[in-house]
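Encoded as structure tokens, the structure appears first; notes follow it.
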Amino acid sequence: MANVLVNAPKTAKRGSVVEIKALILHPMETGFRPGPNGRIIPRNIIERFTATWNGTEIFDMEMSPAIAANPFVSFFAVASESGTVGLRWTGDEGFVVEERVAIAVE
Amino acid sequence: MDHQMDRRRFLAGTAATAGATAGAIVVLPFGSASATPEAMAAAIRKVVGDTPIREGRVSLDLPPLVENGSTVPLVVSVESPMTEADYIKAIHVFNEKNPQPGVFTARLGPRNGRAVVGTRIKLGDSQKIVAIAETSGGQFWSARADVIVTLAACLEEAT
Amino acid sequence: MKVLRLGIGLAIVFAASWALAQGMADKGATDKRRSGTQDMGEALQKMQDDDTANPGMLFVQLGGQLWGKAAGAAGKSCADCHGGAASMKGVAARYPAIPKDADAPVDLEGRINLCRTANQQAAGFPPESRELLALAAYVAHQSRGLPIAPPDDPKLVPFRLKGQDLWKVRQGQLNLSCAICHDDNAGRKLAGVTIPEAHPTGYPIYRLEWQTLGSLKRRLRNCLAGIRAEPYAYDATEYVMLDLFLMDRARGMMLESPGVRP
């Protein structure tokens with residue numbers, strides 16, 4: 001089950017700049033921490049977060065283990081035309097989550 | 001500044017000596033698994049090459065006093081028209097004392113309208129954070145911030 | 001190896017900021033009780049208040065997904081018996097409570113696990129498991145903004161009184177009681193941290209220190225470890241008794257679940 005919370009306006013004026021905020025459930029295990037048995041817990045992080053607007057990439061973030069658990073990212077986008085904002089998180093252990101939100105541009 | 005210790009060790013040290021020192025600060029050298037100011041400088045060089053880094057245009061917004069280092073809100077904003085002709089291409093954030101110097105690299109363009117990125121980061125200790133913005137013209141601008149991480153009482157080890 | 005990460009020395013030095021905190025509290029209404037939320041900095045209060053920034057809401061969302069999922073030999077989901085989320089409105093505000101035909105109180109997590117075992121005929125969730133916390137957060141979220149309202153059940157009284165005794169007893173190598181910190185020294189600084197009044201208004205909470213959601217039980221275990229007392233076993237009734245006492249002490253205060261704490 002993917003757990004993602006996205007905050008983006010449902011509607012926007014053409015040409016205005018909107019903020020998009022996204023939160024995802026993920027441990028962001030650093031790979032530097034010993035577990036209860038004393039052995040290092042293997043690294044398990046989200047490495048990349050990408051955003052598209054109607055399929056065109058508009059934002060990309062490469063993450064390190066220093067990003068906090070349950071990563072939060074906020075960025076801005078110009079509301080150029082109505083459509084879909086696609087968000088995609090990829091990382092260790094084959095982690096892939098995609099989420100879409102629609103924004104109507106008037 | 002006697003802040004060069006790893007928090008985990010600091011706390012373990014405090015517990016071990018609590019009886020004798022009544023809450024005094026125990027200073028321990030930080031471990032080899034920490035990035036150093038030199039490692040940060042090297043990581044920055046790798047990104048900017050020989051281009052000079054200028055101070056300004058970038059603002060790095062972090063709470064100056066952090067109640068817990070494991071989730072610290074951070075916002076980087078860069079002054080830029082964000083037009084096809086003149087925009088911010090990338091924002092890089094570095095830190096001194098986490099195990100790796102690189103925190104994140106965000107790639108942006110004119111479609112963003114504003115060169116502002118927010119996230120939350122982990123800080124094992126009080127330290128310096130550096131944000132560097134790369135313009136479409138190949139210039140680098142930067143800002144730095146000192147963050148003080150206060151210790152929380154009654155912590156637990158991961159069980 | 002289990003290391004107690006103790007950020008306090010034996011001598012507790014309280015800073016002068018207490019006077020300031022008290023002064024601010026005095027300006028409020030006649031009720032001077034303060035939720036732990038008010039002791040946090042602006043950045044964390046904002047994180048708690050914004051539903052798309054509060055990481056606890058990820059667990060509420062997960063709880064909502066689990067609520068509708070059939071489980072156990074009965075093949076029933078929570079929703080099959082209880083209907084929508086609205087059925088849980090006000091429930092968290094009056095727990096712990098004594099289940100029908102039982103003699104001892106259970107906390108909210110305990111009540112959920114009772115439904116797991118008795119009604120779904122499935123294995124109970126382990127303490128602090130993601131599923132249990134997510135369901136508790138989902139249920140508790142339905143009471144957000146409602147006043148804490150412990151039930152008048154006379155059978156609860158002896159348990160609550162025992163909780164009060166536990167609150168007052170000195171324990172651990174530091175020989176401190178909960179009351180010494182949370183009644184006598186609330187608002188003062190302890191190793192850089194403001195001692196809260198210990199009202200259970202935000203549970204389960206997203207604690208930054210844990211980097212995940214955790215129960216009141218886990219929070220109490222942290223305080224016990226902090227004074228270097230052996231925490232009670234996970235299934236000990238002591239936690240439920242303390243919970244009963246704390247909920248009564250916070251009667252009328254607003255529930256804020258899921259809270260964010262440093």
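Residue names in the structure tokens use chain letters A, B, ... in the order shown, residue numbers from 1 in each chain, and ligand numbers from 1 in the order shown.
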
(message) List as a PyMOL selection string the protein and nucleic acid residues near Val4 in chain A, meaning an atom at most 8 Å away when only C-alpha atoms are counted, but skip any in the same chain fewer than 4 places from it.
(response) (chain A and resi 22-25+99) or (chain C and resi 58)

Output all heavy atoms for every residue in that selection, as a compact mmCIF listing (two decimals), in the first residue's frame.
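What follows is the written file result.txt:
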```
# COMPACT_ATOMS: atom_id res chain seq x y z
N ALA A 22 4.58 17.34 -1.01
CA ALA A 22 4.33 15.90 -1.00
C ALA A 22 5.05 15.24 0.17
O ALA A 22 6.17 15.59 0.51
CB ALA A 22 4.79 15.29 -2.31
N LEU A 23 4.35 14.28 0.76
CA LEU A 23 4.86 13.56 1.93
C LEU A 23 4.66 12.08 1.64
O LEU A 23 3.60 11.67 1.15
CB LEU A 23 4.01 14.00 3.13
CG LEU A 23 4.39 13.68 4.55
CD1 LEU A 23 5.74 14.28 4.90
CD2 LEU A 23 3.33 14.25 5.49
N ILE A 24 5.66 11.26 1.91
CA ILE A 24 5.53 9.83 1.63
C ILE A 24 6.05 9.00 2.80
O ILE A 24 7.02 9.39 3.46
CB ILE A 24 6.27 9.45 0.31
CG1 ILE A 24 6.04 7.97 -0.03
CG2 ILE A 24 7.78 9.76 0.39
CD1 ILE A 24 6.44 7.59 -1.44
N LEU A 25 5.38 7.88 3.06
CA LEU A 25 5.78 6.98 4.15
C LEU A 25 7.01 6.18 3.71
O LEU A 25 6.94 5.42 2.74
CB LEU A 25 4.61 6.04 4.45
CG LEU A 25 4.64 5.24 5.75
CD1 LEU A 25 4.49 6.16 6.95
CD2 LEU A 25 3.52 4.21 5.77
N GLU A 99 2.21 8.88 -7.99
CA GLU A 99 0.96 9.51 -7.57
C GLU A 99 0.65 10.61 -8.58
O GLU A 99 1.56 11.21 -9.16
CB GLU A 99 1.17 10.11 -6.17
CG GLU A 99 -0.03 10.75 -5.56
CD GLU A 99 -1.06 9.77 -5.03
OE1 GLU A 99 -0.73 8.57 -4.88
OE2 GLU A 99 -2.20 10.19 -4.79
N LEU C 58 0.13 10.34 7.50
CA LEU C 58 0.40 9.19 6.64
C LEU C 58 -0.12 7.91 7.30
O LEU C 58 -0.61 6.99 6.63
CB LEU C 58 1.90 9.04 6.38
CG LEU C 58 2.56 10.09 5.48
CD1 LEU C 58 4.07 10.00 5.58
CD2 LEU C 58 2.10 9.91 4.03
```

(request) Give me the residues within 9 Å of Ile98 in chain C as a PyMOL selection string, counting only C-alpha atoms and dropping any in the same chain fewer than 4 places off. (result) chain C and resi 102-107+153+155-156

Residues just named, written with N, CA, C and O atoms as a PDB file, in the first residue's frame:
```pdb
ATOM      1  N   ALA C 102     -16.034  -7.472  31.090  1.00  0.00           N
ATOM      2  CA  ALA C 102     -14.647  -7.623  31.539  1.00  0.00           C
ATOM      3  C   ALA C 102     -14.470  -6.913  32.878  1.00  0.00           C
ATOM      4  O   ALA C 102     -15.341  -6.150  33.314  1.00  0.00           O
ATOM      5  N   ASP C 103     -13.359  -7.183  33.547  1.00  0.00           N
ATOM      6  CA  ASP C 103     -13.110  -6.576  34.860  1.00  0.00           C
ATOM      7  C   ASP C 103     -12.036  -5.499  34.818  1.00  0.00           C
ATOM      8  O   ASP C 103     -11.931  -4.697  35.727  1.00  0.00           O
ATOM      9  N   ALA C 104     -11.197  -5.562  33.788  1.00  0.00           N
ATOM     10  CA  ALA C 104     -10.054  -4.647  33.764  1.00  0.00           C
ATOM     11  C   ALA C 104     -10.145  -3.731  32.553  1.00  0.00           C
ATOM     12  O   ALA C 104     -10.676  -4.116  31.505  1.00  0.00           O
ATOM     13  N   PRO C 105      -9.627  -2.516  32.685  1.00  0.00           N
ATOM     14  CA  PRO C 105      -9.684  -1.576  31.563  1.00  0.00           C
ATOM     15  C   PRO C 105      -8.676  -1.906  30.469  1.00  0.00           C
ATOM     16  O   PRO C 105      -7.645  -2.522  30.729  1.00  0.00           O
ATOM     17  N   VAL C 106      -8.995  -1.477  29.255  1.00  0.00           N
ATOM     18  CA  VAL C 106      -8.046  -1.569  28.143  1.00  0.00           C
ATOM     19  C   VAL C 106      -7.868  -0.164  27.556  1.00  0.00           C
ATOM     20  O   VAL C 106      -8.785   0.652  27.611  1.00  0.00           O
ATOM     21  N   ASP C 107      -6.689   0.090  27.006  1.00  0.00           N
ATOM     22  CA  ASP C 107      -6.496   1.357  26.303  1.00  0.00           C
ATOM     23  C   ASP C 107      -6.988   1.190  24.864  1.00  0.00           C
ATOM     24  O   ASP C 107      -7.458   0.112  24.482  1.00  0.00           O
ATOM     25  N   ASP C 153     -17.750   5.379  34.741  1.00  0.00           N
ATOM     26  CA  ASP C 153     -17.782   3.998  35.215  1.00  0.00           C
ATOM     27  C   ASP C 153     -17.072   3.837  36.578  1.00  0.00           C
ATOM     28  O   ASP C 153     -15.867   4.011  36.687  1.00  0.00           O
ATOM     29  N   LYS C 155     -16.299   1.314  38.129  1.00  0.00           N
ATOM     30  CA  LYS C 155     -15.311   0.224  38.122  1.00  0.00           C
ATOM     31  C   LYS C 155     -13.918   0.727  37.753  1.00  0.00           C
ATOM     32  O   LYS C 155     -12.912   0.075  38.001  1.00  0.00           O
ATOM     33  N   LEU C 156     -13.864   1.910  37.112  1.00  0.00           N
ATOM     34  CA  LEU C 156     -12.562   2.448  36.702  1.00  0.00           C
ATOM     35  C   LEU C 156     -11.802   3.095  37.861  1.00  0.00           C
ATOM     36  O   LEU C 156     -10.582   3.221  37.832  1.00  0.00           O
TER      37      LEU C 156
END
```

Each residue of chain B with at least one atom at most 12 Å from chain A should appear once, together with its nearest atom pair and the corresponding distance in Å (one decimal); atoms considered: only C-alpha atoms; ordering: chain, then increasing residue number; output as CSV.
```
residue,atom,partner,partner_atom,distance
B:Arg8,CA,A:Arg33,CA,10.7
B:Gly31,CA,A:Phe32,CA,11.8
B:Ser32,CA,A:Phe32,CA,11.5
B:Ala33,CA,A:Phe32,CA,8.0
B:Ser34,CA,A:Phe32,CA,10.1
B:Ala35,CA,A:Ala66,CA,11.5
B:Asn68,CA,A:Ala68,CA,11.4
B:Gly69,CA,A:Ala68,CA,9.3
B:Ser70,CA,A:Ala68,CA,6.4
B:Thr71,CA,A:Ala68,CA,5.4
B:Val72,CA,A:Ala68,CA,7.7
B:Pro73,CA,A:Phe72,CA,9.0
B:Leu74,CA,A:Val73,CA,9.9
B:Val75,CA,A:Ser74,CA,8.7
B:Val76,CA,A:Phe75,CA,10.0
B:Ser77,CA,A:Phe75,CA,10.1
B:Met82,CA,A:Val78,CA,10.2
B:Thr83,CA,A:Val78,CA,11.0
B:Ile88,CA,A:Phe59,CA,11.6
B:Lys89,CA,A:Phe59,CA,10.1
B:Ala90,CA,A:Asp60,CA,9.3
B:Ile91,CA,A:Met61,CA,9.2
B:His92,CA,A:Glu62,CA,9.5
B:Val93,CA,A:Met63,CA,10.2
B:Phe94,CA,A:Ala66,CA,9.7
B:Asn95,CA,A:Ala66,CA,9.0
B:Glu96,CA,A:Ala66,CA,11.4
B:Lys97,CA,A:Ala66,CA,10.4
B:Asn98,CA,A:Ala66,CA,7.1
B:Pro99,CA,A:Phe32,CA,7.8
B:Gln100,CA,A:Ala66,CA,7.8
B:Pro101,CA,A:Ala66,CA,8.9
B:Gly102,CA,A:Ser64,CA,6.7
B:Val103,CA,A:Ser64,CA,5.4
B:Phe104,CA,A:Met63,CA,4.8
B:Thr105,CA,A:Glu62,CA,5.2
B:Ala106,CA,A:Met61,CA,4.2
B:Arg107,CA,A:Asp60,CA,5.1
B:Leu108,CA,A:Phe59,CA,5.3
B:Gly109,CA,A:Ile58,CA,6.8
B:Pro110,CA,A:Val78,CA,8.3
B:Arg111,CA,A:Val78,CA,5.5
B:Asn112,CA,A:Ala77,CA,3.9
B:Gly113,CA,A:Val78,CA,5.3
B:Arg114,CA,A:Phe76,CA,6.0
B:Ala115,CA,A:Phe76,CA,7.5
B:Val116,CA,A:Phe75,CA,6.0
B:Val117,CA,A:Phe75,CA,4.9
B:Gly118,CA,A:Ser74,CA,4.8
B:Thr119,CA,A:Val73,CA,4.6
B:Arg120,CA,A:Ala68,CA,5.6
B:Ile121,CA,A:Ile67,CA,4.4
B:Lys122,CA,A:Ala66,CA,5.1
B:Leu123,CA,A:Ala66,CA,7.4
B:Gly124,CA,A:Ala66,CA,9.3
B:Ile129,CA,A:Ala66,CA,11.9
B:Glu157,CA,A:Pro36,CA,9.1
B:Ala158,CA,A:Pro36,CA,7.2
B:Thr159,CA,A:Pro36,CA,5.9
```

(request) Could you check which of C:Thr37, C:Val260, C:Ala43, C:Gly75 is closest to Val66 in chain B, using only C-alpha atoms? (result)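 The answer is C:Ala43, which sits nearest to Val66 in chain B.
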
(request) Determine which residues of range 53-104 of chain A receive a DSSP assignment of strand (DSSP E), computed from the backbone, and state them as a PyMOL selection string. (result) chain A and resi 53+56-63+72-78+83-91+95-104

(message) Quick check, in Å to one decimal: how far apart do CA of Arg144 in chain B and CA of Gln127 in chain B lie?
(response) 10.4 Å

(message) Using Å and a single decimal, report how far CA of Lys217 in chain C sits from CA of Ala74 in chain C.
(response) 29.3 Å

(request) For Pro52 in chain B, list every protein, DNA or RNA residue within 12 Å, evaluated using only C-alpha atoms, and leave out those in the same chain fewer than 2 positions away; present the list as number ranges by chain. (result) B: 44-45, 47-50, 54-55, 132, 134, 138-142

Same residues, N, CA, C and O atoms, saved as an mmCIF file, in the first residue's frame:
```
data_model
loop_
_atom_site.group_PDB
_atom_site.id
_atom_site.type_symbol
_atom_site.label_atom_id
_atom_site.label_comp_id
_atom_site.auth_asym_id
_atom_site.auth_seq_id
_atom_site.Cartn_x
_atom_site.Cartn_y
_atom_site.Cartn_z
ATOM 1 N N ILE B 44 31.803 20.013 -2.436
ATOM 2 C CA ILE B 44 31.386 21.254 -3.104
ATOM 3 C C ILE B 44 32.245 21.488 -4.349
ATOM 4 O O ILE B 44 31.733 21.807 -5.422
ATOM 5 N N ARG B 45 33.534 21.261 -4.208
ATOM 6 C CA ARG B 45 34.444 21.428 -5.361
ATOM 7 C C ARG B 45 34.027 20.547 -6.528
ATOM 8 O O ARG B 45 34.105 20.921 -7.699
ATOM 9 N N VAL B 47 31.146 19.711 -7.384
ATOM 10 C CA VAL B 47 29.977 20.260 -8.070
ATOM 11 C C VAL B 47 30.343 21.525 -8.849
ATOM 12 O O VAL B 47 29.944 21.690 -9.988
ATOM 13 N N VAL B 48 31.140 22.398 -8.226
ATOM 14 C CA VAL B 48 31.374 23.706 -8.855
ATOM 15 C C VAL B 48 32.645 23.756 -9.691
ATOM 16 O O VAL B 48 32.829 24.683 -10.485
ATOM 17 N N GLY B 49 33.538 22.789 -9.511
ATOM 18 C CA GLY B 49 34.806 22.830 -10.233
ATOM 19 C C GLY B 49 35.631 24.031 -9.796
ATOM 20 O O GLY B 49 35.720 24.316 -8.604
ATOM 21 N N ASP B 50 36.174 24.773 -10.789
ATOM 22 C CA ASP B 50 37.021 25.910 -10.439
ATOM 23 C C ASP B 50 36.249 27.236 -10.392
ATOM 24 O O ASP B 50 36.815 28.284 -10.136
ATOM 25 N N ARG B 54 29.914 32.694 -5.126
ATOM 26 C CA ARG B 54 29.641 34.006 -4.541
ATOM 27 C C ARG B 54 28.612 33.881 -3.440
ATOM 28 O O ARG B 54 27.711 33.050 -3.503
ATOM 29 N N GLU B 55 28.753 34.755 -2.474
ATOM 30 C CA GLU B 55 27.774 34.818 -1.392
ATOM 31 C C GLU B 55 26.598 35.656 -1.879
ATOM 32 O O GLU B 55 26.809 36.683 -2.504
ATOM 33 N N ILE B 132 24.024 25.807 -2.254
ATOM 34 C CA ILE B 132 24.636 26.417 -3.434
ATOM 35 C C ILE B 132 23.662 26.337 -4.595
ATOM 36 O O ILE B 132 23.088 25.282 -4.873
ATOM 37 N N GLU B 134 22.992 26.993 -8.707
ATOM 38 C CA GLU B 134 23.710 27.063 -9.979
ATOM 39 C C GLU B 134 22.784 27.738 -10.979
ATOM 40 O O GLU B 134 21.655 27.291 -11.194
ATOM 41 N N GLY B 138 25.754 29.436 -15.517
ATOM 42 C CA GLY B 138 26.928 28.765 -14.987
ATOM 43 C C GLY B 138 27.563 29.428 -13.776
ATOM 44 O O GLY B 138 28.689 29.121 -13.402
ATOM 45 N N GLN B 139 26.840 30.355 -13.129
ATOM 46 C CA GLN B 139 27.363 30.968 -11.905
ATOM 47 C C GLN B 139 26.907 30.184 -10.680
ATOM 48 O O GLN B 139 25.875 29.513 -10.716
ATOM 49 N N PHE B 140 27.680 30.313 -9.617
ATOM 50 C CA PHE B 140 27.288 29.665 -8.362
ATOM 51 C C PHE B 140 27.131 30.703 -7.262
ATOM 52 O O PHE B 140 27.999 31.534 -7.055
ATOM 53 N N TRP B 141 26.004 30.636 -6.583
ATOM 54 C CA TRP B 141 25.708 31.520 -5.458
ATOM 55 C C TRP B 141 25.474 30.662 -4.232
ATOM 56 O O TRP B 141 25.024 29.525 -4.353
ATOM 57 N N SER B 142 25.748 31.205 -3.054
ATOM 58 C CA SER B 142 25.615 30.344 -1.878
ATOM 59 C C SER B 142 25.150 31.089 -0.642
ATOM 60 O O SER B 142 25.171 32.319 -0.561
#
```
